[in-house]
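This is target_30.txt. It holds compact mmCIF, C-alpha atoms.
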# COMPACT_ATOMS: atom_id res chain seq x y z
CA MET I 1 -42.53 -22.33 -17.25
CA THR I 2 -41.02 -18.84 -17.45
CA ASP I 3 -37.38 -18.94 -18.50
CA VAL I 4 -35.56 -18.96 -15.17
CA THR I 5 -32.61 -16.94 -16.46
CA GLU I 6 -34.82 -14.10 -17.66
CA ARG I 7 -36.77 -14.22 -14.43
CA TRP I 8 -33.65 -13.69 -12.34
CA ARG I 9 -32.48 -10.98 -14.73
CA SER I 10 -35.67 -8.95 -14.69
CA GLU I 11 -37.87 -9.68 -11.68
CA ARG I 12 -37.00 -7.67 -8.59
CA LEU I 13 -39.50 -9.34 -6.27
CA VAL I 14 -38.10 -12.84 -6.73
CA ALA I 15 -34.52 -11.58 -6.37
CA ALA I 16 -35.32 -9.53 -3.27
CA MET I 17 -37.13 -12.42 -1.55
CA TYR I 18 -34.28 -14.81 -2.29
CA GLU I 19 -31.73 -12.29 -1.09
CA THR I 20 -33.53 -11.88 2.23
CA GLY I 21 -33.19 -15.60 2.77
CA VAL I 22 -29.43 -15.75 2.22
CA LYS I 23 -28.18 -12.35 3.37
CA HIS I 24 -29.37 -12.34 6.97
CA ASP I 25 -27.57 -14.92 9.05
CA GLY I 26 -30.46 -15.77 11.34
CA VAL I 27 -32.95 -16.17 8.50
CA ALA I 28 -30.47 -18.14 6.41
CA THR I 29 -29.50 -20.48 9.24
CA VAL I 30 -33.04 -21.27 10.35
CA GLY I 31 -34.39 -21.41 6.82
CA ALA I 32 -31.65 -23.69 5.53
CA TRP I 33 -32.13 -26.10 8.41
CA ALA I 34 -35.91 -26.11 8.08
CA MET I 35 -36.00 -26.45 4.29
CA TRP I 36 -32.84 -28.32 3.35
CA GLY I 37 -31.65 -29.92 6.60
CA ALA I 38 -28.41 -27.96 6.13
CA ASP I 39 -26.09 -26.24 8.59
CA MET I 40 -25.15 -23.02 6.80
CA ARG I 41 -22.52 -22.06 9.35
CA ARG I 42 -20.18 -24.05 7.11
CA MET I 43 -20.76 -21.51 4.33
CA PHE I 44 -20.25 -18.52 6.62
CA THR I 45 -16.90 -19.98 7.69
CA ASP I 46 -15.93 -20.54 4.07
CA VAL I 47 -16.68 -16.94 3.14
CA GLU I 48 -14.52 -15.68 6.00
CA ARG I 49 -11.51 -17.30 4.30
CA LEU I 50 -11.54 -14.40 1.81
CA SER I 51 -9.91 -12.19 4.44
CA ASP I 52 -6.78 -14.35 4.22
CA THR I 53 -6.51 -14.19 0.43
CA PRO I 54 -2.94 -13.29 -0.64
CA ALA I 55 -2.27 -9.79 -1.93
CA GLY I 56 -2.76 -9.40 -5.66
CA THR I 57 -5.25 -12.26 -5.99
CA SER I 58 -7.85 -11.90 -8.75
CA ILE I 59 -11.29 -13.06 -7.57
CA LEU I 60 -14.57 -13.62 -9.41
CA ASP I 61 -17.74 -13.78 -7.28
CA ILE I 62 -20.76 -14.90 -9.35
CA PRO I 63 -23.64 -14.70 -8.78
CA CYS I 64 -22.72 -12.13 -6.16
CA GLY I 65 -26.36 -11.49 -5.29
CA GLY I 66 -26.66 -8.69 -2.78
CA GLY I 67 -23.07 -9.03 -1.61
CA PHE I 68 -23.29 -12.03 0.71
CA ALA I 69 -19.57 -12.83 0.36
CA PHE I 70 -18.40 -9.27 0.97
CA ARG I 71 -18.37 -10.00 4.70
CA GLY I 72 -15.14 -11.89 4.05
CA LEU I 73 -13.31 -8.86 2.66
CA ARG I 74 -11.29 -6.33 4.63
CA PRO I 75 -11.42 -2.60 3.79
CA GLY I 76 -8.38 -1.76 1.70
CA GLN I 77 -7.58 -5.42 1.00
CA ASP I 78 -5.13 -5.74 -1.90
CA VAL I 79 -7.13 -7.98 -4.24
CA HIS I 80 -8.85 -7.54 -7.61
CA TYR I 81 -12.41 -8.54 -6.77
CA VAL I 82 -15.05 -8.75 -9.51
CA ALA I 83 -18.63 -9.07 -8.25
CA ALA I 84 -20.87 -10.21 -11.10
CA ASP I 85 -24.56 -10.98 -11.40
CA ILE I 86 -27.15 -11.26 -14.16
CA SER I 87 -29.59 -9.03 -12.24
CA PRO I 88 -29.07 -5.24 -12.32
CA PHE I 89 -31.26 -5.02 -9.24
CA MET I 90 -29.02 -7.38 -7.28
CA LEU I 91 -25.92 -5.50 -8.42
CA GLY I 92 -27.49 -2.36 -6.96
CA GLN I 93 -28.02 -4.18 -3.68
CA ALA I 94 -24.42 -5.41 -3.80
CA ARG I 95 -23.06 -1.89 -4.32
CA ALA I 96 -24.98 -0.72 -1.25
CA ALA I 97 -23.67 -3.65 0.80
CA ALA I 98 -20.10 -2.92 -0.30
CA ALA I 99 -20.41 0.72 0.74
CA GLN I 100 -21.87 -0.31 4.11
CA ARG I 101 -18.91 -2.60 4.73
CA GLY I 102 -16.33 -0.10 3.47
CA VAL I 103 -15.07 -2.35 0.67
CA GLN I 104 -16.53 -0.53 -2.34
CA ASP I 105 -13.07 0.56 -3.55
CA THR I 106 -11.94 -3.08 -3.63
CA ILE I 107 -14.77 -4.30 -5.88
CA GLU I 108 -15.54 -4.01 -9.59
CA PHE I 109 -19.22 -4.63 -10.38
CA VAL I 110 -20.12 -6.34 -13.66
CA GLU I 111 -23.38 -7.54 -15.17
CA ALA I 112 -22.71 -11.07 -16.44
CA ASP I 113 -24.34 -14.41 -17.23
CA VAL I 114 -22.35 -17.19 -15.54
CA THR I 115 -23.15 -19.58 -18.40
CA ALA I 116 -21.62 -17.21 -20.98
CA LEU I 117 -18.94 -15.12 -19.29
CA GLN I 118 -17.32 -12.22 -21.13
CA PHE I 119 -13.97 -12.69 -19.37
CA ASP I 120 -10.87 -14.07 -21.06
CA ASP I 121 -9.53 -17.55 -20.41
CA ASN I 122 -7.28 -17.84 -17.34
CA SER I 123 -8.37 -14.52 -15.83
CA PHE I 124 -8.88 -15.35 -12.14
CA ASP I 125 -6.98 -17.01 -9.31
CA LEU I 126 -10.14 -17.72 -7.33
CA CYS I 127 -13.77 -18.16 -8.40
CA ILE I 128 -16.56 -18.36 -5.83
CA THR I 129 -20.18 -19.24 -6.51
CA TYR I 130 -22.55 -19.42 -3.56
CA ASN I 131 -26.28 -20.23 -3.64
CA GLY I 132 -26.57 -19.88 -7.40
CA LEU I 133 -25.98 -23.09 -9.33
CA HIS I 134 -29.33 -24.61 -8.39
CA CYS I 135 -31.09 -21.56 -9.86
CA LEU I 136 -29.61 -22.02 -13.33
CA PRO I 137 -31.05 -23.79 -16.38
CA ASP I 138 -27.59 -25.25 -17.11
CA PRO I 139 -25.40 -25.49 -13.99
CA ARG I 140 -22.88 -27.69 -15.80
CA ALA I 141 -22.29 -24.93 -18.37
CA ALA I 142 -21.76 -22.48 -15.51
CA LEU I 143 -19.06 -24.66 -13.96
CA GLY I 144 -17.48 -25.01 -17.40
CA GLU I 145 -17.29 -21.24 -17.74
CA LEU I 146 -15.84 -20.83 -14.27
CA ALA I 147 -13.26 -23.46 -15.13
CA ARG I 148 -12.42 -21.65 -18.36
CA VAL I 149 -11.71 -18.31 -16.69
CA LEU I 150 -9.76 -19.89 -13.82
CA ARG I 151 -5.98 -19.83 -14.05
CA PRO I 152 -3.97 -23.06 -13.76
CA GLY I 153 -3.34 -23.56 -10.06
CA GLY I 154 -6.45 -21.52 -9.24
CA THR I 155 -9.32 -22.51 -6.95
CA LEU I 156 -13.08 -22.75 -7.34
CA ARG I 157 -15.29 -22.78 -4.23
CA GLY I 158 -19.04 -22.80 -3.87
CA THR I 159 -22.32 -24.28 -2.73
CA SER I 160 -25.47 -25.62 -4.35
CA CYS I 161 -28.68 -27.32 -3.40
CA VAL I 162 -28.85 -30.77 -4.95
CA ARG I 163 -31.54 -33.33 -5.62
CA GLY I 164 -31.40 -36.81 -4.17
CA ARG I 165 -30.61 -36.03 -0.53
CA GLY I 166 -34.08 -36.70 0.84
CA PRO I 167 -37.71 -36.92 -0.32
CA ARG I 168 -38.83 -33.79 1.56
CA GLN I 169 -36.00 -31.73 0.12
CA ASP I 170 -36.70 -33.07 -3.36
CA VAL I 171 -40.34 -31.97 -3.07
CA LEU I 172 -39.26 -28.46 -2.06
CA ILE I 173 -36.80 -28.31 -4.95
CA ALA I 174 -39.51 -29.46 -7.37
CA MET I 175 -41.85 -26.76 -6.06
CA SER I 176 -39.12 -24.13 -6.46
CA ARG I 177 -38.50 -25.28 -10.02
CA ARG I 178 -42.19 -25.05 -10.91
CA ALA I 179 -42.28 -21.56 -9.42
CA GLY I 180 -39.38 -20.53 -11.67
CA VAL I 181 -37.04 -19.83 -8.75
CA PHE I 182 -34.80 -22.88 -9.18
CA GLY I 183 -33.55 -24.11 -12.52
CA ASN I 184 -32.16 -27.53 -13.47
CA THR I 185 -30.92 -28.22 -9.94
CA PRO I 186 -27.98 -30.70 -9.94
CA ARG I 187 -28.40 -34.21 -8.64
CA ALA I 188 -26.19 -35.43 -5.80
CA GLY I 189 -22.83 -36.42 -7.25
CA GLU I 190 -23.15 -34.42 -10.46
CA ILE I 191 -21.13 -31.43 -9.29
CA GLU I 192 -18.16 -33.63 -8.44
CA ALA I 193 -18.37 -35.33 -11.85
CA TRP I 194 -18.62 -32.01 -13.68
CA LEU I 195 -15.65 -30.53 -11.84
CA LYS I 196 -13.56 -33.51 -12.89
CA ASP I 197 -14.85 -33.23 -16.46
CA PHE I 198 -13.47 -29.71 -16.61
CA GLY I 199 -10.02 -30.68 -15.40
CA LEU I 200 -10.27 -29.73 -11.74
CA ASP I 201 -8.97 -31.74 -8.83
CA VAL I 202 -11.67 -31.98 -6.18
CA VAL I 203 -10.15 -30.87 -2.85
CA THR I 204 -13.29 -31.19 -0.73
CA LEU I 205 -16.90 -32.10 -1.42
CA GLU I 206 -19.19 -32.29 1.58
CA HIS I 207 -22.92 -32.16 2.03
CA SER I 208 -25.18 -30.99 4.80
CA GLY I 209 -28.73 -32.02 4.07
CA ALA I 210 -29.49 -31.06 0.49
CA VAL I 211 -26.65 -28.53 0.24
CA GLU I 212 -23.26 -29.48 -1.21
CA PHE I 213 -20.09 -27.53 -0.37
CA PHE I 214 -17.25 -27.93 -2.82
CA GLU I 215 -13.70 -26.78 -3.44
CA ALA I 216 -11.65 -27.73 -6.48
CA ARG I 217 -8.33 -26.69 -7.94
CA PHE I 218 -6.63 -26.78 -11.31
CA ASN I 219 -3.26 -28.39 -11.55
CA THR I 220 -0.70 -26.70 -13.77
CA ASN I 221 -1.60 -28.99 -16.70
CA LYS I 222 -5.09 -27.55 -17.01
CA THR I 223 -7.23 -28.98 -19.81
CA LEU I 224 -10.92 -28.63 -20.54
CA ASN I 225 -13.18 -31.42 -21.80
Please render this file's structure as structure tokens.
Amino acid sequence: MTDVTERWRSERLVAAMYETGVKHDGVATVGAWAMWGADMRRMFTDVERLSDTPAGTSILDIPCGGGFAFRGLRPGQDVHYVAADISPFMLGQARAAAAQRGVQDTIEFVEADVTALQFDDNSFDLCITYNGLHCLPDPRAALGELARVLRPGGTLRGTSCVRGRGPRQDVLIAMSRRAGVFGNTPRAGEIEAWLKDFGLDVVTLEHSGAVEFFEARFNTNKTLN
């Protein structure tokens, strides 16, 4: 099987098709329900919380894709927002989306691999990762990196498809893995265990169909395992 990381980095067609499925609300809502049995309105609501982020907050959004989460930002919002992705093509799409929404001056765009981030320890108050973990060859390593760059007291929020929530969904995930679109998709329960491994307190962990929604926070005695 083609290395999934290199595929996402280099192949525009795969990235563009995936982006169409998550960027447009109608397509995402119908597609998520049909494929994963998931109500994605929960994710839209979560993204909207970005508009209430306190001034001066440092945010990492990875993989940012084509700028799905930018809908939660307000033009001129006083935050340091880093939008990162492994795909130069998707970063180009994200820049266009930011300009369309009038938030381009708020965002710094960075090419980055979430499993090997170039950022210093304790760099961000908030890390968000939507629709990406299930595409990675090592989602646990990605969460470890997000934990590393998160400041004590900071928050990590995100979503991922998971295995083990239904036979039909598991078949679709297996097909996506064989096609090189999904990577080593987590099993149900693994994300919660990994978050705890990396010293985070799990605030919420919910599932809708085969999609898990999670939020976790570091206490001030942050340690990594």
> Within 7 Å of (-15.4, -28.0, -6.7), all atoms listed in the file: residues as a list in words?
Replying inline: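 Checked against the point, the hits come out as Leu156, Arg157, Gly158, Glu192, Leu195, Val202, Leu205, Phe214, Glu215 and Ala216 of chain I.
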Using C-alpha atoms, can you write the selected residues to a file as a PDB file, in the coordinates of the input?
ATOM      1  CA  LEU I 156     -13.080 -22.750  -7.340  1.00  0.00           C
ATOM      2  CA  ARG I 157     -15.290 -22.780  -4.230  1.00  0.00           C
ATOM      3  CA  GLY I 158     -19.040 -22.800  -3.870  1.00  0.00           C
ATOM      4  CA  GLU I 192     -18.160 -33.630  -8.440  1.00  0.00           C
ATOM      5  CA  LEU I 195     -15.650 -30.530 -11.840  1.00  0.00           C
ATOM      6  CA  VAL I 202     -11.670 -31.980  -6.180  1.00  0.00           C
ATOM      7  CA  LEU I 205     -16.900 -32.100  -1.420  1.00  0.00           C
ATOM      8  CA  PHE I 214     -17.250 -27.930  -2.820  1.00  0.00           C
ATOM      9  CA  GLU I 215     -13.700 -26.780  -3.440  1.00  0.00           C
ATOM     10  CA  ALA I 216     -11.650 -27.730  -6.480  1.00  0.00           C
TER      11      ALA I 216
END
> Could you pull the residues within 12 Å of I:Asp46, counting only C-alpha atoms, minus those fewer than 2 positions along the same chain, as a ChimeraX atom specification?
Replying inline: /I:40-44,48-53,68-72,128-130,156-159,204,213-215
Using all atoms of stretch 36-40 of chain I listed in the file and a margin of 5 Å per side, can you give the axis-aligned box centre and edge lengths in Å to one decimal, as JSON?
{"center_x": -29.0, "center_y": -26.5, "center_z": 6.0, "size_x": 17.7, "size_y": 16.9, "size_z": 15.2}
> Hey, what's within 7 Å of I:Glu111 if we count all atoms listed in the file and toss same-chain stuff fewer than 3 positions away? As number ranges by chain, please?
Replying inline: I: 84-86, 88
>> Just to confirm, what's the straight-line distance from atom CA of I:Pro139 to atom CA of I:Val79 in Å (one decimal)?
In response: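 Computing the Euclidean distance for atom CA of I:Pro139 and atom CA of I:Val79 yields 27.1 Å.
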> Near I:Ala96, counting only C-alpha atoms, which residues have an atom at most 9 Å away, once you skip same-chain residues fewer than 6 positions from it, shown as a ChimeraX atom specification?
Replying inline: /I:66-67,104
>> Which residue is closest to I:Ser160? Choose from I:Gly209, I:Pro75, I:Gly92, I:Gly199 and count only C-alpha atoms.
In response: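 Nearest candidate to I:Ser160 out of I:Gly209, I:Pro75, I:Gly92, I:Gly199: I:Gly209.
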> Counting all atoms listed in the file, which of I:Ala38, I:Ile62, I:Ile191, I:Leu91 gets nearest to I:Gly166?
Replying inline: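 The closest residue to I:Gly166 is I:Ala38.
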>> With distances taken over all atoms listed in the file, which residue among I:Asn184, I:Ser87, I:Ser58, I:Gln169 lies nearest I:Asp125?
In response: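 For I:Asp125, the nearest of the given residues is I:Ser58.
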> Expressed in Å to a single decimal, how great is the separation between atom CA of I:Thr57 and atom CA of I:Ala94?
Replying inline: 20.5 Å
